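Structure data (compact mmCIF, C-alpha atoms) from structure-v7.txt:
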```txt
# COMPACT_ATOMS: atom_id res chain seq x y z
CA MET A 300 -26.62 -15.98 11.47
CA LYS A 301 -27.78 -12.40 10.91
CA LYS A 302 -30.42 -11.76 8.23
CA SER A 303 -27.97 -9.56 6.25
CA ALA A 304 -25.51 -12.45 6.06
CA ILE A 305 -28.20 -14.85 4.81
CA LEU A 306 -29.29 -12.41 2.09
CA CYS A 307 -25.69 -11.94 0.94
CA ILE A 308 -25.11 -15.69 0.68
CA MET A 309 -28.38 -16.18 -1.23
CA ALA A 310 -27.25 -13.50 -3.67
CA GLY A 311 -23.92 -15.23 -4.19
CA LEU A 312 -21.97 -12.36 -2.65
CA THR A 313 -19.01 -12.28 -0.30
CA CYS A 314 -20.19 -9.69 2.19
CA GLY A 315 -17.37 -9.80 4.66
CA VAL A 316 -19.74 -10.48 7.53
CA ALA A 317 -17.65 -10.49 10.69
CA GLN A 318 -17.85 -13.44 13.01
CA ALA A 319 -16.92 -12.90 16.65
CA GLY A 320 -14.46 -15.32 18.13
CA SER A 321 -10.99 -13.72 18.05
CA VAL A 322 -9.02 -14.08 21.26
CA GLY A 323 -8.73 -10.73 23.02
CA PRO A 324 -10.10 -7.42 21.75
CA ASP A 325 -10.34 -7.23 17.94
CA VAL A 326 -11.53 -4.01 16.33
CA ILE A 327 -12.41 -3.95 12.62
CA VAL A 328 -14.10 -1.52 10.23
CA GLY A 329 -17.62 -2.92 10.08
CA ASP A 330 -19.08 -0.31 7.76
CA MET A 331 -18.42 2.93 5.89
CA PRO A 332 -21.96 4.24 5.37
CA SER A 333 -21.32 7.66 3.82
CA VAL A 334 -18.83 10.24 2.51
CA ARG A 335 -18.91 14.01 2.96
CA TYR A 336 -17.42 16.59 0.60
CA TYR A 337 -15.91 19.59 2.39
CA GLY A 338 -14.62 21.76 -0.42
CA GLN A 339 -11.65 22.57 -2.63
CA ALA A 340 -8.41 24.51 -2.22
CA GLY A 341 -6.31 24.89 -5.35
CA THR A 342 -6.37 21.56 -7.20
CA ILE A 343 -7.25 19.48 -4.12
CA ARG A 344 -10.66 18.39 -2.88
CA ALA A 345 -11.31 17.24 0.68
CA TYR A 346 -13.62 14.55 2.05
CA SER A 347 -14.35 12.61 5.21
CA ILE A 348 -15.68 9.07 5.59
CA ALA A 349 -18.16 7.88 8.20
CA THR A 350 -16.92 4.70 9.87
CA THR A 351 -18.52 2.10 12.11
CA SER A 352 -16.17 -0.02 14.19
CA CYS A 353 -16.95 -3.50 15.49
CA ASN A 354 -15.30 -5.56 18.21
CA ILE A 355 -15.29 -9.14 16.93
CA GLY A 356 -13.05 -10.36 19.74
CA ASP A 357 -13.97 -12.03 23.03
CA THR A 358 -12.78 -9.14 25.24
CA PRO A 359 -13.93 -5.50 25.45
CA LEU A 360 -11.68 -3.02 23.59
CA GLU A 361 -10.25 0.00 25.40
CA TRP A 362 -11.66 3.35 24.29
CA PHE A 363 -10.32 5.80 26.90
CA ASP A 364 -10.50 9.47 26.01
CA GLY A 365 -7.66 11.72 27.14
CA THR A 366 -5.02 8.97 26.97
CA ASN A 367 -3.26 6.90 24.31
CA ARG A 368 -5.53 3.92 25.05
CA HIS A 369 -8.11 4.31 22.30
CA PRO A 370 -8.27 3.65 18.54
CA VAL A 371 -7.13 6.06 15.86
CA ILE A 372 -8.88 6.01 12.49
CA GLY A 373 -7.40 6.61 9.03
CA GLN A 374 -9.32 7.39 5.84
CA THR A 375 -8.16 6.76 2.25
CA MET A 376 -9.34 6.76 -1.37
CA TYR A 377 -8.23 4.53 -4.28
CA ARG A 378 -8.88 4.12 -8.00
CA VAL A 379 -8.65 1.12 -10.33
CA ASN A 380 -8.23 2.29 -13.93
CA ALA A 381 -10.84 1.50 -16.57
CA GLU A 382 -8.74 -1.33 -18.01
CA GLY A 383 -8.34 -2.99 -14.63
CA THR A 384 -4.57 -3.02 -15.04
CA ARG A 385 -3.61 -0.69 -12.20
CA ILE A 386 -4.70 0.45 -8.73
CA GLU A 387 -3.50 3.69 -7.16
CA GLN A 388 -3.98 5.31 -3.78
CA LEU A 389 -5.29 8.80 -4.42
CA GLY A 390 -5.27 10.32 -0.96
CA GLN A 391 -5.15 9.96 2.79
CA SER A 392 -6.27 11.83 5.88
CA TRP A 393 -4.82 12.53 9.28
CA LEU A 394 -6.11 10.25 12.05
CA LYS A 395 -9.36 10.63 13.94
CA HIS A 396 -8.87 9.96 17.69
CA GLY A 397 -11.66 7.99 19.33
CA PHE A 398 -13.30 9.43 22.45
CA ALA A 399 -16.30 7.24 23.39
CA ALA A 400 -17.77 3.90 22.31
CA LEU A 401 -21.47 3.09 21.88
CA THR A 402 -23.31 -0.23 21.82
CA GLY A 403 -24.61 -0.88 18.31
CA ASN A 404 -25.30 -4.24 16.66
CA VAL A 405 -23.94 -3.73 13.14
CA CYS A 406 -21.68 -6.80 13.15
CA ASP A 407 -23.11 -8.96 15.93
CA THR A 408 -25.25 -8.89 19.04
CA CYS A 409 -23.69 -6.39 21.41
CA GLN A 410 -22.78 -7.29 24.97
CA PRO A 411 -22.84 -3.82 26.61
CA PRO A 412 -19.74 -3.30 28.78
CA GLY A 413 -21.37 -0.68 30.99
CA SER A 414 -18.90 2.06 30.04
CA PHE A 415 -18.33 4.50 27.18
CA SER A 416 -14.62 3.76 27.67
CA LEU A 417 -14.97 0.22 26.32
CA LEU A 418 -16.25 -1.22 23.03
CA GLY A 419 -18.04 -4.32 24.21
CA VAL A 420 -17.86 -7.81 22.74
CA GLY A 421 -19.96 -7.90 19.55
CA CYS A 422 -20.63 -4.15 19.82
CA SER A 423 -20.34 -1.51 17.11
CA ASP A 424 -19.65 2.21 17.36
CA PRO A 425 -20.51 4.78 14.63
CA TYR A 426 -18.49 7.88 13.86
CA SER A 427 -20.20 10.27 11.44
CA THR A 428 -18.53 12.15 8.60
CA SER A 429 -18.68 15.28 10.76
CA LEU A 430 -16.79 13.61 13.62
CA ASN A 431 -14.22 12.03 11.31
CA GLY A 432 -13.76 15.35 9.54
CA GLN A 433 -13.47 17.42 12.73
CA GLN A 434 -10.07 19.04 12.29
CA THR A 435 -9.34 19.70 15.97
CA ASN A 436 -9.52 15.98 16.77
CA LEU A 437 -7.44 14.80 13.79
CA GLY A 438 -3.86 13.86 14.68
CA THR A 439 -0.70 13.21 12.70
CA LYS A 440 0.13 9.70 11.48
CA THR A 441 3.82 10.35 12.11
CA GLU A 442 3.51 9.46 15.81
CA VAL A 443 1.64 6.17 15.39
CA ASN A 444 3.12 2.68 15.33
CA ALA A 445 0.54 0.49 13.58
CA TYR A 446 2.24 -2.73 14.63
CA ASN A 447 2.03 -2.22 18.39
CA GLY A 448 -0.66 0.49 18.42
CA PHE A 449 1.44 3.04 20.34
CA PHE A 450 0.99 6.77 19.78
CA ASN A 451 2.00 9.91 21.64
CA TRP A 452 -0.34 11.69 24.01
CA PRO A 453 -1.26 14.45 23.65
CA PHE A 454 -1.12 13.82 19.93
CA GLY A 455 0.46 16.14 17.38
CA GLY A 456 -2.03 18.56 15.84
CA ARG A 457 -4.53 18.33 18.69
CA GLY A 458 -6.87 21.31 18.73
CA GLN A 459 -5.53 22.74 15.47
CA SER A 460 -7.72 23.68 12.51
CA GLY A 461 -7.15 25.29 9.13
CA ASN A 462 -8.71 25.76 5.72
CA THR A 463 -11.33 23.43 4.29
CA ILE A 464 -8.88 20.70 3.21
CA TYR A 465 -6.60 20.81 6.28
CA LYS A 466 -5.93 17.32 7.74
CA ARG A 467 -8.88 15.80 5.85
CA LEU A 468 -8.83 13.14 3.13
CA GLN A 469 -7.20 15.05 0.25
CA VAL A 470 -7.48 14.03 -3.42
CA GLU A 471 -6.25 15.81 -6.55
CA VAL A 472 -9.04 16.88 -8.93
CA ALA A 473 -7.21 15.29 -11.89
CA ASP A 474 -7.29 11.91 -10.16
CA LEU A 475 -11.01 12.23 -9.55
CA GLU A 476 -11.59 13.02 -13.22
CA ALA A 477 -9.45 10.16 -14.55
CA GLY A 478 -12.26 7.58 -14.62
CA GLY A 479 -12.26 3.94 -13.62
CA THR A 480 -13.72 2.58 -10.39
CA TYR A 481 -13.28 4.30 -7.04
CA TYR A 482 -13.03 2.98 -3.50
CA ILE A 483 -12.85 4.36 0.01
CA GLY A 484 -10.89 2.72 2.79
CA SER A 485 -10.48 2.98 6.52
CA GLN A 486 -8.18 1.45 9.11
CA TYR A 487 -8.34 1.37 12.92
CA VAL A 488 -5.18 1.15 15.03
CA SER A 489 -5.55 0.37 18.72
CA PRO A 490 -2.92 -0.63 21.31
CA ASP A 491 -4.83 -3.44 23.05
CA ASP A 492 -5.99 -4.87 19.72
CA ALA A 493 -2.32 -4.95 18.65
CA ALA A 494 -1.21 -6.47 21.94
CA ALA A 495 -3.65 -9.34 21.29
CA GLY A 496 -2.09 -9.90 17.83
CA ASN A 497 -5.25 -8.82 15.99
CA GLN A 498 -3.90 -5.76 14.13
CA ASN A 499 -3.75 -7.27 10.62
CA ASN A 500 -7.51 -7.34 9.95
CA ASN A 501 -8.30 -3.71 10.82
CA SER A 502 -8.56 -2.33 7.26
CA SER A 503 -11.71 -2.45 5.10
CA TYR A 504 -12.88 -0.91 1.82
CA ARG A 505 -16.06 -0.07 -0.06
CA PRO A 506 -16.86 0.93 -3.66
CA VAL A 507 -18.11 4.47 -4.29
CA VAL A 508 -19.56 6.38 -7.23
CA LEU A 509 -18.57 9.97 -8.01
CA SER A 510 -20.97 12.59 -9.29
CA SER A 511 -20.10 14.40 -12.52
CA ASN A 512 -18.33 17.19 -10.63
CA GLN A 513 -16.90 14.85 -7.91
CA THR A 514 -18.48 16.83 -5.09
CA ASN A 515 -20.91 14.02 -4.27
CA VAL A 516 -19.40 10.64 -3.41
CA SER A 517 -22.01 7.94 -2.93
CA VAL A 518 -21.30 4.57 -1.35
CA THR A 519 -22.47 1.51 -3.23
CA SER A 520 -22.56 -2.25 -2.76
CA PHE A 521 -21.26 -3.13 0.74
CA THR A 522 -18.20 -2.74 2.96
CA ARG A 523 -15.59 -5.45 2.43
CA ARG A 524 -14.70 -6.11 6.03
CA GLU A 525 -11.17 -7.10 7.02
CA GLN A 526 -9.87 -6.50 3.48
CA ALA A 527 -7.46 -3.68 2.72
CA PRO A 528 -8.41 -1.57 -0.35
CA ILE A 529 -5.70 -3.25 -2.46
CA HIS A 530 -8.09 -6.24 -2.63
CA ALA A 531 -10.29 -4.13 -4.91
CA TRP A 532 -7.80 -4.60 -7.74
CA LYS A 533 -8.10 -8.39 -7.67
CA ALA A 534 -11.88 -8.10 -7.36
CA VAL A 535 -11.86 -6.16 -10.66
CA ASN A 536 -9.17 -8.29 -12.35
CA PRO A 537 -8.85 -11.92 -11.19
CA ASP A 538 -5.47 -12.23 -12.98
CA VAL A 539 -3.89 -10.06 -10.28
CA ASP A 540 -1.62 -12.02 -7.93
CA LEU A 541 -2.32 -10.81 -4.39
CA GLN A 542 -0.36 -11.92 -1.34
CA GLU A 543 0.05 -11.05 2.31
CA VAL A 544 3.68 -10.47 3.24
CA ILE A 545 4.49 -10.95 6.92
CA VAL A 546 7.64 -9.27 8.19
CA PRO A 547 9.26 -11.71 10.66
CA ASN A 548 8.22 -10.79 14.21
CA GLU A 549 6.58 -7.60 12.96
CA GLY A 550 3.84 -6.23 10.69
CA MET A 551 2.30 -6.99 7.31
CA PHE A 552 2.47 -5.74 3.72
CA ASN A 553 0.10 -6.62 0.87
CA LEU A 554 1.66 -7.13 -2.57
CA ALA A 555 -0.36 -7.22 -5.80
CA ALA A 556 1.22 -7.92 -9.20
CA LEU A 557 0.04 -8.15 -12.81
CA ALA A 558 1.86 -8.90 -16.09
CA ILE A 559 0.45 -7.25 -19.22
CA ASP A 560 1.30 -8.35 -22.77
CA ASN A 561 1.63 -5.16 -24.82
CA GLY A 562 1.42 -7.04 -28.12
CA ASP A 563 4.65 -5.55 -29.49
CA GLY A 564 7.20 -7.88 -27.97
CA THR A 565 7.21 -6.11 -24.62
CA TRP A 566 5.45 -6.78 -21.31
CA THR A 567 4.52 -4.32 -18.59
CA TYR A 568 4.63 -5.46 -14.97
CA GLU A 569 2.49 -3.55 -12.48
CA TYR A 570 3.24 -3.90 -8.77
CA ALA A 571 1.25 -2.32 -5.94
CA LEU A 572 2.76 -2.59 -2.46
CA HIS A 573 0.56 -1.68 0.50
CA ASN A 574 1.97 -1.34 3.99
CA GLN A 575 -0.80 -2.35 6.37
CA THR A 576 0.90 -2.53 9.75
CA SER A 577 4.70 -2.58 9.40
CA HIS A 578 6.39 0.07 11.53
CA ARG A 579 9.69 -0.97 9.96
CA SER A 580 8.30 0.31 6.64
CA ALA A 581 10.01 -0.07 3.24
CA ASP A 582 12.54 2.08 1.41
CA SER A 583 13.34 -0.11 -1.63
CA PHE A 584 11.62 -2.50 -4.02
CA ALA A 585 13.48 -4.68 -6.55
CA VAL A 586 12.34 -6.80 -9.49
CA PRO A 587 14.47 -9.16 -11.63
CA GLY A 588 15.23 -8.23 -15.22
CA ALA A 589 16.27 -5.34 -17.43
CA SER A 590 13.89 -2.49 -18.20
CA VAL A 591 12.73 -0.76 -21.33
CA SER A 592 10.98 1.82 -19.15
CA THR A 593 9.91 2.26 -15.53
CA GLY A 594 7.37 4.18 -13.45
CA PHE A 595 6.61 5.07 -9.84
CA HIS A 596 3.58 6.47 -8.00
CA ASP A 597 3.10 7.39 -4.36
CA VAL A 598 0.55 9.27 -2.25
CA ASP A 599 1.31 12.63 -0.66
CA TYR A 600 1.42 13.47 3.02
CA HIS A 601 0.03 16.92 3.81
CA SER A 602 -1.10 19.51 6.35
CA GLY A 603 2.34 19.94 7.85
CA ASP A 604 3.46 16.32 8.11
CA PRO A 605 7.24 16.54 7.64
CA TYR A 606 7.87 13.55 5.39
CA ASP A 607 9.87 14.08 2.21
CA LEU A 608 7.73 13.84 -0.94
CA THR A 609 10.57 13.01 -3.36
CA ASP A 610 9.70 10.17 -5.74
CA TRP A 611 11.76 7.03 -5.40
CA SER A 612 14.62 6.77 -7.89
CA VAL A 613 15.24 3.70 -10.05
CA SER A 614 18.52 1.98 -10.87
CA GLU A 615 19.62 -1.22 -12.59
CA GLY A 616 22.42 -3.62 -11.82
CA SER A 617 23.16 -7.25 -11.02
CA GLY A 618 20.10 -8.32 -12.99
CA MET A 619 17.64 -6.27 -10.89
CA VAL A 620 15.53 -3.15 -11.38
CA THR A 621 15.49 -1.37 -8.01
CA TRP A 622 13.45 1.59 -6.74
CA SER A 623 14.88 3.38 -3.70
CA ALA A 624 13.70 6.21 -1.45
CA ALA A 625 15.99 9.21 -1.15
CA ASP A 626 17.61 9.34 2.29
CA ALA A 627 16.02 12.20 4.20
CA GLY A 628 16.72 10.82 7.66
CA LEU A 629 13.65 10.42 9.84
CA ASN A 630 11.57 12.16 7.16
CA THR A 631 12.47 9.73 4.35
CA ASN A 632 9.60 9.00 1.97
CA ALA A 633 9.48 5.39 3.14
CA LEU A 634 6.41 3.26 2.45
CA ARG A 635 4.78 3.65 5.85
CA TRP A 636 1.65 2.04 7.29
CA GLY A 637 -1.69 2.80 5.70
CA THR A 638 -0.12 3.78 2.36
CA MET A 639 0.38 2.08 -1.00
CA TYR A 640 3.03 2.79 -3.67
CA ASN A 641 3.20 1.60 -7.29
CA TYR A 642 6.19 0.28 -9.25
CA THR A 643 5.97 -0.27 -13.01
CA VAL A 644 8.56 -1.88 -15.29
CA THR A 645 8.32 -2.66 -19.00
CA THR A 646 10.69 -5.32 -20.35
CA SER A 647 11.28 -7.34 -23.49
CA THR A 648 10.82 -10.65 -21.67
CA PRO A 649 7.62 -12.58 -20.90
CA PRO A 650 6.46 -13.34 -17.35
CA THR A 651 7.57 -16.15 -15.11
CA THR A 652 7.50 -16.84 -11.38
CA GLY A 653 10.30 -15.42 -9.29
CA GLU A 654 11.19 -13.31 -6.28
CA VAL A 655 10.88 -9.58 -5.69
CA GLU A 656 12.62 -7.88 -2.79
CA ILE A 657 11.15 -5.45 -0.28
CA GLY A 658 13.87 -3.51 1.53
CA LEU A 659 12.99 -2.63 5.12
CA TRP A 660 13.69 0.94 6.23
CA ARG A 661 13.93 0.54 10.01
CA ASN A 662 15.92 -2.15 11.76
CA GLU A 663 14.44 -4.46 14.40
CA ILE A 664 14.73 -1.86 17.16
CA GLY A 665 13.04 0.82 15.08
CA VAL A 666 16.04 2.84 13.90
CA PRO A 667 16.26 3.84 10.20
CA GLY A 668 19.08 2.26 8.22
CA SER A 669 18.17 -1.39 7.89
CA SER A 670 19.72 -3.40 5.05
CA GLU A 671 17.33 -6.33 5.56
CA VAL A 672 15.06 -7.46 2.71
CA VAL A 673 11.92 -9.56 2.63
CA THR A 674 11.48 -11.68 -0.50
CA VAL A 675 8.14 -12.56 -2.07
CA THR A 676 7.44 -15.04 -4.87
CA THR A 677 5.15 -13.56 -7.52
CA VAL A 678 4.98 -12.81 -11.26
CA VAL A 679 8.23 -11.29 -12.57
CA PRO A 680 9.98 -10.74 -15.92
CA SER A 681 11.88 -13.77 -17.13
CA VAL A 682 15.61 -13.37 -17.58
CA GLN A 683 16.97 -14.61 -20.89
CA SER A 684 20.52 -15.80 -20.55
CA GLY A 685 22.90 -16.28 -23.43
CA CYS A 686 25.85 -18.63 -23.78
CA ASN A 687 28.10 -16.26 -21.78
CA LEU A 688 28.16 -12.74 -20.34
CA ALA A 689 28.66 -11.13 -23.75
CA ASP A 690 25.59 -12.85 -25.27
CA ASN A 691 23.11 -10.15 -24.24
CA ALA A 692 20.87 -9.82 -27.32
CA ALA A 693 18.80 -12.05 -29.57
CA PRO A 694 19.49 -14.34 -31.29
CA PHE A 695 20.95 -15.97 -28.18
CA GLY A 696 23.64 -18.57 -28.68
CA VAL A 697 25.30 -16.37 -31.31
CA LEU A 698 27.79 -13.59 -30.64
CA ASP A 699 27.38 -10.84 -33.22
CA LEU A 700 26.91 -7.11 -33.76
CA SER A 701 23.65 -7.12 -31.77
CA ASP A 702 25.57 -8.09 -28.65
CA VAL A 703 28.16 -5.34 -29.22
CA GLN A 704 25.40 -2.78 -29.69
CA GLY A 705 23.57 -4.11 -26.61
CA PHE A 706 26.71 -3.77 -24.50
CA ILE A 707 27.39 -0.22 -25.72
CA ALA A 708 23.78 0.80 -25.04
CA GLY A 709 23.93 -0.79 -21.60
CA PHE A 710 27.26 0.90 -20.81
CA ASN A 711 26.05 4.34 -21.90
CA GLY A 712 22.72 3.92 -20.13
CA GLN A 713 24.15 2.14 -17.07
CA GLY A 714 22.00 -0.92 -17.75
CA PRO A 715 22.46 -4.54 -16.63
CA ALA A 716 23.67 -5.69 -20.07
CA ALA A 717 26.98 -3.93 -19.41
CA ASP A 718 27.22 -4.35 -15.63
CA ILE A 719 28.95 -7.73 -15.86
CA ALA A 720 32.11 -7.33 -13.76
CA GLU A 721 32.75 -6.41 -10.17
CA PRO A 722 32.24 -3.96 -8.64
CA PHE A 723 28.58 -4.22 -9.66
CA GLY A 724 26.69 -0.97 -9.91
CA VAL A 725 29.77 0.67 -11.48
CA TRP A 726 30.28 0.77 -15.24
CA ASP A 727 34.01 0.94 -15.91
CA LEU A 728 36.97 -0.59 -17.72
CA SER A 729 36.48 -3.92 -15.93
CA ASP A 730 33.14 -4.39 -17.69
CA VAL A 731 34.67 -3.54 -21.08
CA GLN A 732 37.59 -5.94 -20.61
CA LEU A 733 35.34 -8.81 -19.51
CA PHE A 734 32.98 -8.23 -22.43
CA ILE A 735 35.87 -8.37 -24.91
CA SER A 736 37.19 -11.55 -23.26
CA GLU A 737 33.77 -13.26 -23.33
CA PHE A 738 33.01 -12.13 -26.89
CA THR A 739 36.41 -13.37 -28.10
CA ALA A 740 35.90 -16.73 -26.39
CA GLY A 741 32.68 -17.20 -28.37
CA CYS A 742 29.81 -19.58 -27.74
CA PRO A 743 30.48 -23.32 -27.36
```

File written out as C-alpha cells:
Amino acid sequence: MKKSAILCIMAGLTCGVAQAGSVGPDVIVGDMPSVRYYGQAGTIRAYSIATTSCNIGDTPLEWFDGTNRHPVIGQTMYRVNAEGTRIEQLGQSWLKHGFAALTGNVCDTCQPPGSFSLLGVGCSDPYSTSLNGQQTNLGTKTEVNAYNGFFNWPFGGRGQSGNTIYKRLQVEVADLEAGGTYYIGSQYVSPDDAAAGNQNNNSSYRPVVLSSNQTNVSVTSFTRREQAPIHAWKAVNPDVDLQEVIVPNEGMFNLAALAIDNGDGTWTYEYALHNQTSHRSADSFAVPGASVSTGFHDVDYHSGDPYDLTDWSVSEGSGMVTWSAADAGLNTNALRWGTMYNYTVTTSTPPTTGEVEIGLWRNEIGVPGSSEVVTVTTVVPSVQSGCNLADNAAPFGVLDLSDVQGFIAGFNGQGPAADIAEPFGVWDLSDVQLFISEFTAGCP
C-alpha cells in the first residue's frame, strides 16, 4: 500500500485511494491539484482546474491525438449552503481534449506503455490549469455521449478562442459570494473505458476555499476519487439519502434527497439529481404529494452551446408534483451528462418512504421523445388520504367547510385536491360533479 494511503487510514480519513484491478482500461480523476482564475466578464468569473488522470484498469487506455480515441475532460463547481440543506451546481466548462499521456505514479506504480498515445496500467497523467483552460483545445459537450464515450472528430469549437470566460468554467459572482462550502469536480469520458463498462467511476471532487474576492480558489483536504461532487452534500449532512440510479442497459444518475421540518407544520423536500453518464438524459422529475410551494435550479450552458436555458415548469395532478423541461427539440434543456439540477417542494405532510419518477428524454435508440420513467425509492412527502375523494382537508374523517374550501382552492389553482375525476390534469365539470357526489355521500 502506498504511504499516502497508510497516512489517510491512520488519520481516520476516507481518501479515495484508487486500487488497480478493473478489467480493461479504467480512467479516473486521481487528483485536482490546483485552480486558476482567468478573469471576469459582466457578472461571470472564469476558472480552470488542473486534473491528473489515473488508469486503474489492467489494460492501457487509448490516448490518440487527432482522432476521437482519447479522453475528454469536464470541469465543474458546486456549493453546499451554510445550513447543509442544499447542494447546487454553480458552473461548468467545455471539454478539454486529451493529446498525450505521461507516466506518473500518483495512483499506483506505473507500467510505462512505451507510447504517448496510451495511458499505461497504473500510470497517471497531469494536465495543468493552463492546458485545461486553453480555449482552442476546448470542445463542446453537445457532441459527446458519456455512456459509450463517442464524440465527433474534429470536435465542435476546435481552434476557436474568445474573451477571458469563453468555454472555461463559468460561475456567477453572486453564487461565489453566497457562502457555504465549495467544491470543484472533474469527469473523464473515454470510448475504450466505456466499452469496458468502466464509465461510472470517472467523476471525482475536491473541497476548495475561496479568497475574499473569489479570485483565488485554493484546494484543500484531498481529492475524493471515483465520487461525483453530489457526494459532498452527504459528506456535509449525513441525513441526506444518496443513491445511484442505473438506467436499464444504459448510464447512471445520482439522486440525493433531504426532508426538512420547517417547524410550522410544513416540510421542505430538497432533491438533487445528477446525470453522470446517461445519454438518454432526463426531461421530467415527479414527487408524490401536493405542494405549498416549489422551486427549481439548473446550471447554464454557454459559449455558443445551443441548448435552451428555460427553467423547467411545474404542474400538479394525480397526486404528483411534476417538473418538466420545455420541448425545444434537440436543444431541450434536458438534464444531460455531467450536470445536476435541483427540485424543491414544500408540503403540509411529513416525510415517508416512497417513489420518485425520473422521466427519460431520449428513447433506447437515442431519439428524443421517450415516455419511459425510472423510479427510485427515497424520502418523499406522505400523502394523507381522507374517507373519500371529497375529504381533502383536516380533520380527516369529517366532511365540512374545510373540504369545500380545499376543493375550491385546488380547482382555482389547478391543484391535486380538485383533480379527482378523469381526465386527470384537466379541471372541469367532472371534478365538480364528483366532489358533490362524494361530499353528499359522507364518511362511513

Please determine, counting all atoms listed in the file, which residue among A:Thr358, A:Met376, A:Thr384, A:Thr435 has the shortest atom-to-atom distance to Gln410 in chain A.
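Closest residue, counting all atoms listed in the file: A:Thr358.
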
Min atom-atom distance to Ala558 in chain A from the set A:Ser502, A:Ala400, A:Thr677, A:Asn451, counting all atoms listed in the file, belongs to A:Thr677

Find, counting only C-alpha atoms, the residue in A:Tyr570, A:Phe706, A:Trp393, A:Tyr640 that gets nearest to Ser347 in chain A.
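Using only C-alpha atoms, Ser347 in chain A sits closest to A:Trp393.
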
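One finds CA of Thr514 in chain A at 13.1 Å from CA of Ser333 in chain A.
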
Near Arg344 in chain A, counting all atoms listed in the file, which residues have an atom at most 8 Å away, once you skip same-chain residues fewer than 4 positions from it, shown as a ChimeraX atom specification?
/A:336-340,464,469-472

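Residues lying within 9 Å of Thr439 in chain A, counting only C-alpha atoms and ignoring same-chain neighbours fewer than 5 positions away, are Ser392, Trp393, Leu394, Phe454, Gly455, Gly456, Arg457, Lys466, Ser602, Gly603 and Asp604 of chain A.
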
Taking all atoms listed in the file into account, name the residue in A:Val443, A:Val620, A:Met551, A:Ala345 that is nearest to Asn515 in chain A.
A:Ala345

Using only C-alpha atoms, pick whichever of A:Glu569, A:Asp582, A:Asp325, A:Glu525 has the shortest atom-to-atom distance to Asp540 in chain A.
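Nearest candidate to Asp540 in chain A out of A:Glu569, A:Asp582, A:Asp325, A:Glu525: A:Glu569.
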
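In this model, the gap between CA of Gln704 in chain A and CA of Ser681 in chain A comes to 21.5 Å.
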
What are the closest atom pairs, with distances in Å to one decimal, for each residue of range 529-648 of chain A lying within 9 Å of range 475-494 of chain A, using only C-alpha atoms, rows by chain and rising residue number, as a tab-separated table?
```
residue	atom	partner	partner_atom	distance
A:Ala531	CA	A:Tyr482	CA	7.7
A:Val535	CA	A:Thr480	CA	8.9
A:Gln575	CA	A:Gln486	CA	8.7
A:Thr576	CA	A:Val488	CA	8.9
A:Gly637	CA	A:Gln486	CA	7.5
```

Can I get the selected residues back with C-alpha atoms, as a tab-separated table (two decimals), in the coordinates of the input?
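After the write, part_27.tsv holds the following:
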```tsv
chain	number	residue	atom	x	y	z
A	531	ALA	CA	-10.29	-4.13	-4.91
A	535	VAL	CA	-11.86	-6.16	-10.66
A	575	GLN	CA	-0.80	-2.35	6.37
A	576	THR	CA	0.90	-2.53	9.75
A	637	GLY	CA	-1.69	2.80	5.70
```

Residues at most 7 Å from range 652-656 of chain A, counting only C-alpha atoms, excluding those fewer than 6 positions away in the same chain, as an NGL selection string?
:A and (584-587 or 672-679)

Top pick for closest residue to Asp607 in chain A, considering A:Val591, A:Leu634, A:Ile664, A:Val379 and counting all atoms listed in the file
A:Leu634

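CA of Leu389 in chain A is positioned 15.4 Å from CA of His530 in chain A.
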
Range 587-599 of chain A: axis-aligned bounding box, 8 Å on each side, centre and edge lengths in Å, one decimal, as JSON:
```
{"center_x": 8.4, "center_y": 1.7, "center_z": -11.0, "size_x": 31.7, "size_y": 37.8, "size_z": 36.7}
```
